[in-house]
Every structure is written in structure tokens, then in C-alpha cells.
$ cat final-v2.cif   # mmCIF, C-alpha atoms and all ligand atoms
data_coords
loop_
_atom_site.label_atom_id
_atom_site.label_comp_id
_atom_site.auth_asym_id
_atom_site.auth_seq_id
_atom_site.Cartn_x
_atom_site.Cartn_y
_atom_site.Cartn_z
CA GLU A 1 0.00 0.00 0.00
CA ASN A 2 1.00 3.63 -0.55
CA ASN A 3 3.95 2.77 -2.69
CA PRO A 4 5.95 5.99 -2.98
CA ARG A 5 6.87 5.42 -6.64
CA PRO A 6 4.92 3.87 -9.49
CA MET A 7 6.33 0.46 -10.31
CA GLY A 8 7.14 -1.07 -13.63
CA ILE A 9 8.84 1.75 -15.49
CA GLU A 10 11.07 0.00 -17.97
CA GLU A 11 14.02 1.45 -19.72
CA GLY A 12 13.60 1.95 -23.46
CA ASN A 13 9.84 2.01 -23.09
CA GLU A 14 8.62 5.40 -24.35
CA VAL A 15 5.41 5.34 -22.32
CA GLY A 16 7.41 4.44 -19.26
CA LYS A 17 9.78 7.34 -19.85
CA ASP A 18 6.90 9.78 -20.08
CA GLU A 19 5.47 8.48 -16.86
CA GLN A 20 8.83 8.88 -15.24
CA LYS A 21 9.12 12.47 -16.48
CA ASN A 22 5.62 13.36 -15.34
CA ASP A 23 6.38 11.85 -12.00
CA MET A 24 9.43 14.07 -11.61
CA LEU A 25 7.63 17.22 -12.73
CA ARG A 26 4.48 16.93 -10.73
CA LYS A 27 4.07 18.83 -7.48
CA PRO A 28 5.02 17.05 -4.27
CA SER A 29 2.21 15.11 -2.72
CA VAL A 30 1.89 13.98 0.84
CA SER A 31 1.69 10.34 -0.21
CA ASP A 32 5.29 10.54 -1.49
CA PHE A 33 6.45 10.67 2.08
CA GLN A 34 4.02 8.42 3.85
CA TRP A 35 6.46 5.59 4.46
CA ASN A 36 3.60 3.38 5.67
CA ASP A 37 2.61 5.84 8.37
CA ALA A 38 -0.29 8.30 8.62
CA PRO A 39 0.17 11.82 7.20
CA THR A 40 1.74 13.87 9.97
CA LEU A 41 1.78 17.59 10.67
CA ALA A 42 4.50 18.96 12.92
CA PHE A 43 3.78 22.43 14.31
CA PRO A 44 5.43 24.89 16.68
CA SER A 45 3.60 26.71 19.45
CA ILE A 46 2.26 29.72 17.55
CA SER A 47 2.71 33.18 19.14
CA THR A 48 4.25 32.13 22.47
CA SER A 49 7.78 33.40 21.98
CA ASP A 50 8.43 36.55 19.94
CA PHE A 51 4.70 37.42 19.98
CA GLN A 52 4.64 37.04 23.81
CA PHE A 53 1.31 35.23 24.07
CA ASN A 54 0.66 33.77 27.54
CA MET A 55 1.75 30.10 27.53
CA ASP A 56 -0.89 28.79 29.92
CA LYS A 57 -3.67 30.31 27.82
CA ALA A 58 -2.02 29.14 24.58
CA SER A 59 -1.79 25.56 25.85
CA ASP A 60 -5.54 25.54 26.56
CA VAL A 61 -6.20 26.72 23.01
CA ILE A 62 -3.90 24.07 21.46
CA VAL A 63 -5.54 21.20 23.33
CA GLU A 64 -9.03 22.46 22.49
CA ALA A 65 -8.17 22.91 18.81
CA VAL A 66 -6.53 19.46 18.56
CA SER A 67 -9.43 17.78 20.33
CA ASP A 68 -12.03 19.52 18.11
CA PHE A 69 -10.06 18.57 15.00
CA PHE A 70 -9.79 14.90 16.02
CA SER A 71 -13.56 14.75 16.57
CA LYS A 72 -14.03 15.60 12.88
CA VAL A 73 -11.02 14.01 11.14
CA ASP A 74 -9.25 10.69 11.60
CA LYS A 75 -6.23 9.00 10.01
CA VAL A 76 -3.90 11.97 10.46
CA LYS A 77 -1.36 12.72 13.18
CA LEU A 78 -0.22 15.93 14.85
CA VAL A 79 3.05 16.65 16.65
CA LEU A 80 3.73 19.77 18.71
CA VAL A 81 7.43 20.65 18.47
CA ASP A 82 9.64 22.90 20.57
CA LEU A 83 13.41 23.22 20.71
CA SER A 84 14.15 22.20 24.28
CA PRO A 85 13.16 19.12 26.30
CA LYS A 86 12.59 21.65 29.11
CA SER A 87 9.99 23.55 27.05
CA LYS A 88 7.20 24.89 29.25
CA MET A 89 4.78 24.72 26.30
CA LEU A 90 5.45 21.02 25.72
CA SER A 91 4.86 20.11 29.36
CA LEU A 92 1.72 22.26 29.71
CA VAL A 93 0.21 20.75 26.58
CA LYS A 94 1.14 17.18 27.57
CA VAL A 95 -0.60 17.51 30.95
CA LYS A 96 -3.71 19.18 29.54
CA ALA A 97 -4.03 16.77 26.59
CA SER A 98 -3.90 13.80 28.92
CA LYS A 99 -6.55 15.36 31.22
CA LYS A 100 -8.79 15.88 28.19
CA ASN A 101 -8.18 12.30 26.98
CA VAL A 102 -6.78 13.38 23.62
CA ASP A 103 -5.77 10.29 21.60
CA THR A 104 -2.02 9.94 22.28
CA THR A 105 -1.54 7.60 19.33
CA ARG A 106 -2.41 10.55 17.09
CA PHE A 107 -1.11 13.51 19.06
CA SER A 108 2.33 13.78 20.62
CA THR A 109 5.00 16.29 21.52
CA TYR A 110 8.60 16.32 20.35
CA ALA A 111 11.66 18.26 21.57
CA GLY A 112 14.01 19.23 18.74
CA ASP A 113 14.47 21.43 15.70
CA ILE A 114 11.42 21.41 13.40
CA THR A 115 13.74 21.72 10.38
CA ARG A 116 15.57 18.50 11.36
CA LEU A 117 12.76 16.16 12.31
CA TYR A 118 13.92 13.34 10.02
CA THR A 119 17.70 13.75 10.10
CA GLY A 120 17.74 14.72 13.78
CA GLY A 121 14.99 12.52 15.19
CA GLY A 122 13.93 9.97 12.58
CA LEU A 123 10.43 11.51 12.45
CA HIS A 124 8.56 11.40 9.16
CA CYS A 125 6.51 14.58 8.96
CA ASN A 126 5.09 15.35 5.52
CA VAL A 127 3.93 18.78 6.52
CA ILE A 128 5.39 21.35 8.91
CA ALA A 129 3.86 24.60 10.13
CA ASN A 130 5.64 27.92 10.49
CA ALA A 131 4.90 30.74 12.96
CA SER A 132 5.08 33.43 10.31
CA ASN A 133 4.99 37.23 10.12
CA TRP A 134 2.33 39.17 8.18
CA ARG A 135 4.64 39.80 5.20
CA LEU A 136 5.63 36.11 4.90
CA LYS A 137 9.23 37.27 5.00
CA PRO A 138 12.30 35.16 5.82
CA GLY A 139 14.45 35.99 8.85
CA GLY A 140 13.26 37.78 11.97
CA GLY A 141 14.42 35.02 14.35
CA GLY A 142 12.52 32.13 15.90
CA VAL A 143 11.06 29.26 13.95
CA ASN A 144 10.40 31.49 10.89
CA ALA A 145 14.11 32.19 10.42
CA ALA A 146 14.94 28.51 10.90
CA ILE A 147 12.36 27.26 8.36
CA PHE A 148 13.25 29.81 5.67
CA SER A 149 16.92 29.13 6.16
CA ALA A 150 16.45 25.36 5.89
CA GLY A 151 14.05 25.77 2.96
CA GLY A 152 16.48 27.89 0.95
CA GLU A 153 15.62 30.24 -1.90
CA ALA A 154 13.26 27.65 -3.40
CA LEU A 155 10.94 27.96 -0.39
CA GLU A 156 11.05 31.76 -0.54
CA ILE A 157 10.02 31.75 -4.21
CA ALA A 158 7.33 29.11 -3.66
CA THR A 159 5.91 31.18 -0.78
CA LYS A 160 5.74 34.36 -2.91
CA GLU A 161 3.83 32.39 -5.55
CA GLN A 162 1.08 31.70 -3.01
CA ALA A 163 0.63 35.09 -1.32
CA ASP A 164 2.24 38.43 -0.41
CA THR A 165 0.71 38.84 3.03
CA ILE A 166 -1.26 36.88 5.62
CA SER A 167 -3.74 38.05 8.26
CA PRO A 168 -3.80 37.00 11.94
CA GLY A 169 -5.73 33.77 12.53
CA SER A 170 -5.17 32.40 9.03
CA SER A 171 -2.72 30.14 7.20
CA ILE A 172 -1.28 29.57 3.73
CA ILE A 173 -0.23 26.26 2.13
CA VAL A 174 3.09 26.23 0.25
CA PRO A 175 4.23 23.12 -1.68
CA VAL A 176 7.95 22.71 -0.96
CA PRO A 177 9.84 22.36 -4.26
CA ARG A 178 11.87 19.19 -4.73
CA THR A 179 15.00 21.35 -5.04
CA SER A 180 14.60 22.61 -1.48
CA PRO A 181 16.78 20.90 1.16
CA LEU A 182 13.72 20.76 3.39
CA ASN A 183 12.11 18.46 0.81
CA GLN A 184 15.22 16.52 -0.25
CA ARG A 185 16.78 16.06 3.18
CA GLU A 186 13.78 15.99 5.51
CA GLY A 187 10.98 14.76 3.24
CA VAL A 188 8.80 17.79 3.93
CA ALA A 189 6.27 18.17 1.10
CA TYR A 190 4.47 21.26 2.39
CA VAL A 191 5.07 24.19 4.70
CA ILE A 192 1.94 25.85 6.07
CA HIS A 193 2.60 29.42 7.19
CA VAL A 194 0.43 30.52 10.10
CA LEU A 195 0.06 34.01 11.56
CA GLY A 196 -0.92 34.03 15.20
CA PRO A 197 -2.15 36.86 17.46
CA ASN A 198 0.55 39.26 18.63
CA MET A 199 0.95 40.58 22.21
CA ASN A 200 4.36 42.19 21.60
CA PRO A 201 4.07 46.02 21.47
CA GLN A 202 7.09 46.11 19.15
CA ARG A 203 5.41 44.04 16.46
CA PRO A 204 2.51 44.98 14.14
CA ASN A 205 -1.14 44.50 15.22
CA CYS A 206 -0.46 44.24 18.95
CA LEU A 207 -3.58 43.14 20.85
CA LYS A 208 -2.40 44.82 24.09
CA ASP A 209 -3.21 41.87 26.36
CA ASP A 210 -6.76 41.51 25.03
CA TYR A 211 -6.89 37.75 25.65
CA VAL A 212 -10.57 37.43 24.72
CA LYS A 213 -9.69 38.46 21.18
CA GLY A 214 -6.25 36.82 21.45
CA CYS A 215 -7.56 33.36 22.34
CA LYS A 216 -10.19 33.59 19.60
CA VAL A 217 -7.57 34.49 16.97
CA LEU A 218 -5.18 31.79 18.22
CA TYR A 219 -7.96 29.17 18.00
CA GLU A 220 -8.75 30.37 14.46
CA ALA A 221 -5.06 30.11 13.56
CA TYR A 222 -4.88 26.46 14.67
CA SER A 223 -8.21 25.53 13.05
CA SER A 224 -7.08 27.09 9.81
CA LEU A 225 -3.77 25.22 10.04
CA PHE A 226 -5.35 21.83 10.84
CA ASN A 227 -8.06 22.19 8.17
CA ASN A 228 -5.50 23.17 5.55
CA PHE A 229 -3.40 20.17 6.58
CA ALA A 230 -6.43 17.87 6.22
CA SER A 231 -7.18 19.35 2.79
CA ILE A 232 -3.76 18.28 1.45
CA ALA A 233 -3.35 15.09 3.45
CA LEU A 234 -6.70 13.40 2.82
N1 LIG B 301 12.18 24.28 15.93
C1 LIG B 301 11.11 24.11 16.73
N2 LIG B 301 10.56 25.11 17.45
C2 LIG B 301 11.15 26.31 17.41
C3 LIG B 301 12.30 26.56 16.60
C4 LIG B 301 12.82 25.48 15.84
N3 LIG B 301 13.87 25.61 15.02
N4 LIG B 301 12.65 27.88 16.78
C5 LIG B 301 11.77 28.41 17.65
N5 LIG B 301 10.87 27.47 18.05
P1 LIG B 301 8.52 32.24 17.51
P2 LIG B 301 5.93 33.66 17.44
C6 LIG B 301 9.69 27.63 18.94
O1 LIG B 301 9.14 33.36 18.25
O2 LIG B 301 5.94 33.81 18.92
C7 LIG B 301 9.31 35.54 14.03
O3 LIG B 301 10.43 36.33 13.99
C8 LIG B 301 9.76 28.64 20.06
O4 LIG B 301 10.41 28.09 21.20
O5 LIG B 301 9.27 31.65 16.39
O6 LIG B 301 4.66 33.20 16.76
C9 LIG B 301 8.30 35.82 12.91
O7 LIG B 301 8.90 36.44 11.80
C10 LIG B 301 8.28 28.88 20.31
O8 LIG B 301 7.77 27.84 21.14
O9 LIG B 301 7.08 32.68 16.88
C11 LIG B 301 7.25 36.67 13.55
O10 LIG B 301 7.51 38.05 13.41
C12 LIG B 301 7.64 28.76 18.94
O11 LIG B 301 8.64 28.13 18.11
C13 LIG B 301 7.31 36.31 15.03
O12 LIG B 301 8.61 35.77 15.25
C14 LIG B 301 7.21 30.07 18.28
O13 LIG B 301 8.15 31.09 18.56
C15 LIG B 301 6.29 35.27 15.43
O14 LIG B 301 6.34 35.06 16.81
#

$ encode --input "final-v2.cif" --output "C-alpha cells" --more "lines below"
Ligand code: AR6
Amino acid sequence: ENNPRPMGIEEGNEVGKDEQKNDMLRKPSVSDFQWNDAPTLAFPSISTSDFQFNMDKASDVIVEAVSDFFSKVDKVKLVLVDLSPKSKMLSLVKVKASKKNVDTTRFSTYAGDITRLYTGGGLHCNVIANASNWRLKPGGGGVNAAIFSAGGEALEIATKEQADTISPGSSIIVPVPRTSPLNQREGVAYVIHVLGPNMNPQRPNCLKDDYVKGCKVLYEAYSSLFNNFASIAL
């Protein structure tokens, strides 16, 4: 099942050659990287570092969004990633997910670099999410800088082909070109850029500690991310 490459392409067979060429030219698809496992989305904790969103409140939103998503969609997996094994976000979410009986065979946490899930941790994640900025620009630190740097120029160009800007609470799907190291090295077929709510006065659209609005926008950001993931994975 889910054989990553069509079988039976014979050398010297013109039809076979065409198939081979089409196969190389077509856009990446999640099934290319399934490796017998369910499609998996790895995502960082949106807004809780540079955007200064309260971590306790954010962890409630993550668990609620994951649990709501799992009640509608099966067969896919989600992994929350943060750099350090001491991450406060990872431990908050783990505790709350277990209290809410979220299916741990489909939702887990992972400590490590989201741009090195396969080479650094042996994790097969077909899709990764980015905590973006409104201009979808590389750099700026955090996970955004890491993903654009690992994705190379190919990811930058592919992102610009999809959109110029993004609004808080929404997300944008970008197919990762086969020339990008993120695709070649890590097997990532898509990056989904997400813009979360901002509580940092030095960044655009600061919500000034309005956590009623903030939690609503953060929930929308995760729903948009998960639904977009389902739309490419299923
Ligand atoms: N792998 C996994 N997780 C990471 C990595 C990594 N390589 N790097 C950071 N994190 P942040 P935000 C975690 O600040 O708060 C950017 O400059 C980090 O520990 O990246 O949404 C953009 O351009 C934290 O848990 O995103 C925006 O302007 C999480 O990723 C702004 O920051 C998100 O932290 C967005 O701020």
C-alpha cells in the first residue's frame, strides 16, 4: 500500500519514460512521504515566543483545537514541536491533553528542531507549520528564520507564488519544491505558514493583552492550520 513510486517503469519504453518524467515534474504530494505511516503535521507553538502570548492560555487553546479537529477528522497525526526538552509549552500541553483524553496515538510532543525532524529525530513529517509574520518574509528570528533558512531560496520563491501577506488567525499552504533541502533532506512536502495573534508592542497589530480576542484568533489560527493540513493530506 502507498507505494511511494509507481512500479514497472522499464528502460527503453517510451510510455514508461513519459510516466517517469511526469512523476518528476508533478508537485510534491503527501503520499510521497508516507512511508507506511499516517500523514503527519509537525507544528510549533504559535505566538508564544516573539509574539509574547501567555503560555498557559495558549496551551488551553492548542488542546481544544486538537481535540475539536480529532472529533471531525481521523487517520492523520499531529506533533507539537519545541526546541528544548525543558519547554514549558510542551509540558503544559502534555498535561492538559492527557486530562482531556486526547488520543495519544495521534497527538504527541517532540523536543528538537522542526527543520531536522527526520535527520535529527527519525520523524517522518510530511507537513510542517511555520509561525510566520504578516509579510511572509524570511528571517526575523525564531522558527520562521529557521524554516526559511532550511528551505532555501526555493521555499522563498514558492511562498511568494502563493501570497504576499497573511492576516492573523489564518494560514497559507506552500508546496515545498523538490530542489529545497527541506524536501530533499527531511521529506517535507508542504510548509503551512500561520500568523498568530501578537501581544508584543514592538510588532505589528499588537492586541495589548486583550486575551478574549487573542484566544479567539489563536484558536482560528490552529483551526485554519489543521483544516488546511487535512485538505492536502486526505
Ligand atoms: N524548531 C522548533 N521550534 C522552534 C524553533 C525550531 N527551530 N525555533 C523556535 N521554536 P517564535 P511567534 C519555537 O518566536 O511567537 C518571528 O520572527 C519557540 O520556542 O518563532 O509566533 C516571525 O517572523 C516557540 O515555542 O514565533 C514573527 O515576526 C515557537 O517556536 C514572530 O517571530 C514560536 O516562537 C512570530 O512570533

$ closest_residue --input "final-v2.cif" --among "A:Lys86, A:Lys94, A:Lys137, A:Lys99" --to "ligand LIG 301 (chain B)" --atoms "all atoms listed in the file"
A:Lys137

$ closest_residue --input "final-v2.cif" --among "A:Ser45, A:Thr119, A:Gln162, A:Thr109" --to "Leu218 in chain A" --atoms "all atoms listed in the file"
A:Ser45

$ closest_residue --input "final-v2.cif" --among "A:Asp60, A:Glu153, A:Asp50, A:Glu220" --to "ligand LIG 301 (chain B)" --atoms "all atoms listed in the file"
A:Asp50

$ closest_atom_pairs --input "final-v2.cif" --of "chain A" --to "ligand LIG 301 (chain B)" --cutoff "9 Å" --atoms "only C-alpha atoms and all ligand atoms" --output "Markdown table"
| residue | atom | partner | partner_atom | distance |
| --- | --- | --- | --- | --- |
| A:Phe43 | CA | B:LIG301 | C1 | 7.9 |
| A:Pro44 | CA | B:LIG301 | O11 | 4.8 |
| A:Ser45 | CA | B:LIG301 | C12 | 4.6 |
| A:Ile46 | CA | B:LIG301 | O6 | 4.3 |
| A:Ser47 | CA | B:LIG301 | O6 | 3.1 |
| A:Thr48 | CA | B:LIG301 | O2 | 4.3 |
| A:Ser49 | CA | B:LIG301 | O2 | 3.6 |
| A:Asp50 | CA | B:LIG301 | O1 | 3.7 |
| A:Phe51 | CA | B:LIG301 | O2 | 4.0 |
| A:Gln52 | CA | B:LIG301 | O2 | 6.0 |
| A:Phe53 | CA | B:LIG301 | O2 | 7.1 |
| A:Leu80 | CA | B:LIG301 | N2 | 8.8 |
| A:Val81 | CA | B:LIG301 | C1 | 5.3 |
| A:Asp82 | CA | B:LIG301 | N2 | 3.9 |
| A:Leu83 | CA | B:LIG301 | C1 | 4.7 |
| A:Ser84 | CA | B:LIG301 | O4 | 7.6 |
| A:Ser87 | CA | B:LIG301 | O4 | 7.4 |
| A:Lys88 | CA | B:LIG301 | O8 | 8.6 |
| A:Met89 | CA | B:LIG301 | O8 | 6.7 |
| A:Leu90 | CA | B:LIG301 | O8 | 8.5 |
| A:Tyr110 | CA | B:LIG301 | C1 | 8.9 |
| A:Ala111 | CA | B:LIG301 | C1 | 7.6 |
| A:Gly112 | CA | B:LIG301 | C1 | 6.0 |
| A:Asp113 | CA | B:LIG301 | N1 | 3.7 |
| A:Ile114 | CA | B:LIG301 | N1 | 3.9 |
| A:Thr115 | CA | B:LIG301 | N3 | 6.1 |
| A:Arg116 | CA | B:LIG301 | N1 | 8.1 |
| A:Leu117 | CA | B:LIG301 | N1 | 8.9 |
| A:Asn130 | CA | B:LIG301 | O5 | 7.9 |
| A:Ala131 | CA | B:LIG301 | O6 | 4.5 |
| A:Ser132 | CA | B:LIG301 | C9 | 4.8 |
| A:Asn133 | CA | B:LIG301 | C11 | 4.1 |
| A:Trp134 | CA | B:LIG301 | O10 | 7.4 |
| A:Arg135 | CA | B:LIG301 | O7 | 8.5 |
| A:Leu136 | CA | B:LIG301 | O7 | 7.6 |
| A:Lys137 | CA | B:LIG301 | O7 | 6.9 |
| A:Pro138 | CA | B:LIG301 | O7 | 7.0 |
| A:Gly139 | CA | B:LIG301 | O7 | 6.3 |
| A:Gly140 | CA | B:LIG301 | O3 | 3.8 |
| A:Gly141 | CA | B:LIG301 | O3 | 4.2 |
| A:Gly142 | CA | B:LIG301 | O5 | 3.3 |
| A:Val143 | CA | B:LIG301 | N4 | 3.5 |
| A:Asn144 | CA | B:LIG301 | C9 | 5.2 |
| A:Ala145 | CA | B:LIG301 | O3 | 6.6 |
| A:Ala146 | CA | B:LIG301 | N3 | 5.2 |
| A:Ile147 | CA | B:LIG301 | N3 | 7.0 |
| A:Val194 | CA | B:LIG301 | O6 | 8.3 |
| A:Leu195 | CA | B:LIG301 | O6 | 7.0 |
| A:Gly196 | CA | B:LIG301 | O6 | 5.9 |
| A:Pro197 | CA | B:LIG301 | O6 | 7.8 |
| A:Asn198 | CA | B:LIG301 | O14 | 7.4 |
| A:Asn200 | CA | B:LIG301 | O14 | 8.8 |
| A:Arg203 | CA | B:LIG301 | O10 | 7.0 |
| A:Pro204 | CA | B:LIG301 | O10 | 8.6 |

$ residues_around --input "final-v2.cif" --residues "Val127 in chain A" --least-positions-apart "6" --cutoff "9 Å" --atoms "only C-alpha atoms" --output "compact mmCIF listing (two decimals) with C-alpha atoms, keeping the file's coordinate frame"
# COMPACT_ATOMS: atom_id res chain seq x y z
CA VAL A 30 1.89 13.98 0.84
CA PRO A 39 0.17 11.82 7.20
CA THR A 40 1.74 13.87 9.97
CA LEU A 41 1.78 17.59 10.67
CA ALA A 42 4.50 18.96 12.92
CA PHE A 43 3.78 22.43 14.31
CA GLY A 187 10.98 14.76 3.24
CA VAL A 188 8.80 17.79 3.93
CA ALA A 189 6.27 18.17 1.10
CA TYR A 190 4.47 21.26 2.39
CA VAL A 191 5.07 24.19 4.70
CA ILE A 192 1.94 25.85 6.07
CA PHE A 229 -3.40 20.17 6.58
CA ALA A 233 -3.35 15.09 3.45

$ atom_distance --input "final-v2.cif" --atom1 "CA of Val212 in chain A" --atom2 "CA of Ser224 in chain A"
18.5 Å

$ closest_residue --input "final-v2.cif" --among "A:Val174, A:Ala221, A:Met199, A:Ala129" --to "Thr159 in chain A" --atoms "only C-alpha atoms"
A:Val174

$ atom_distance --input "final-v2.cif" --atom1 "CA of Lys72 in chain A" --atom2 "CA of Ala230 in chain A"
10.4 Å

$ closest_residue --input "final-v2.cif" --among "A:Ala163, A:Val66, A:Cys206, A:Ile173" --to "Lys100 in chain A" --atoms "only C-alpha atoms"
A:Val66

$ residues_near_point --input "final-v2.cif" --point "(12.8, 25.7, 2.3)" --cutoff "8 Å" --atoms "only C-alpha atoms" --output "PyMOL selection string"
chain A and resi 147-156+176-177+180-183

$ atom_distance --input "final-v2.cif" --atom1 "CA of Ile62 in chain A" --atom2 "CA of Tyr222 in chain A"
7.3 Å

$ closest_residue --input "final-v2.cif" --among "A:Lys160, A:His124, A:Lys96, A:Arg106" --to "Ala58 in chain A" --atoms "all atoms listed in the file"
A:Lys96
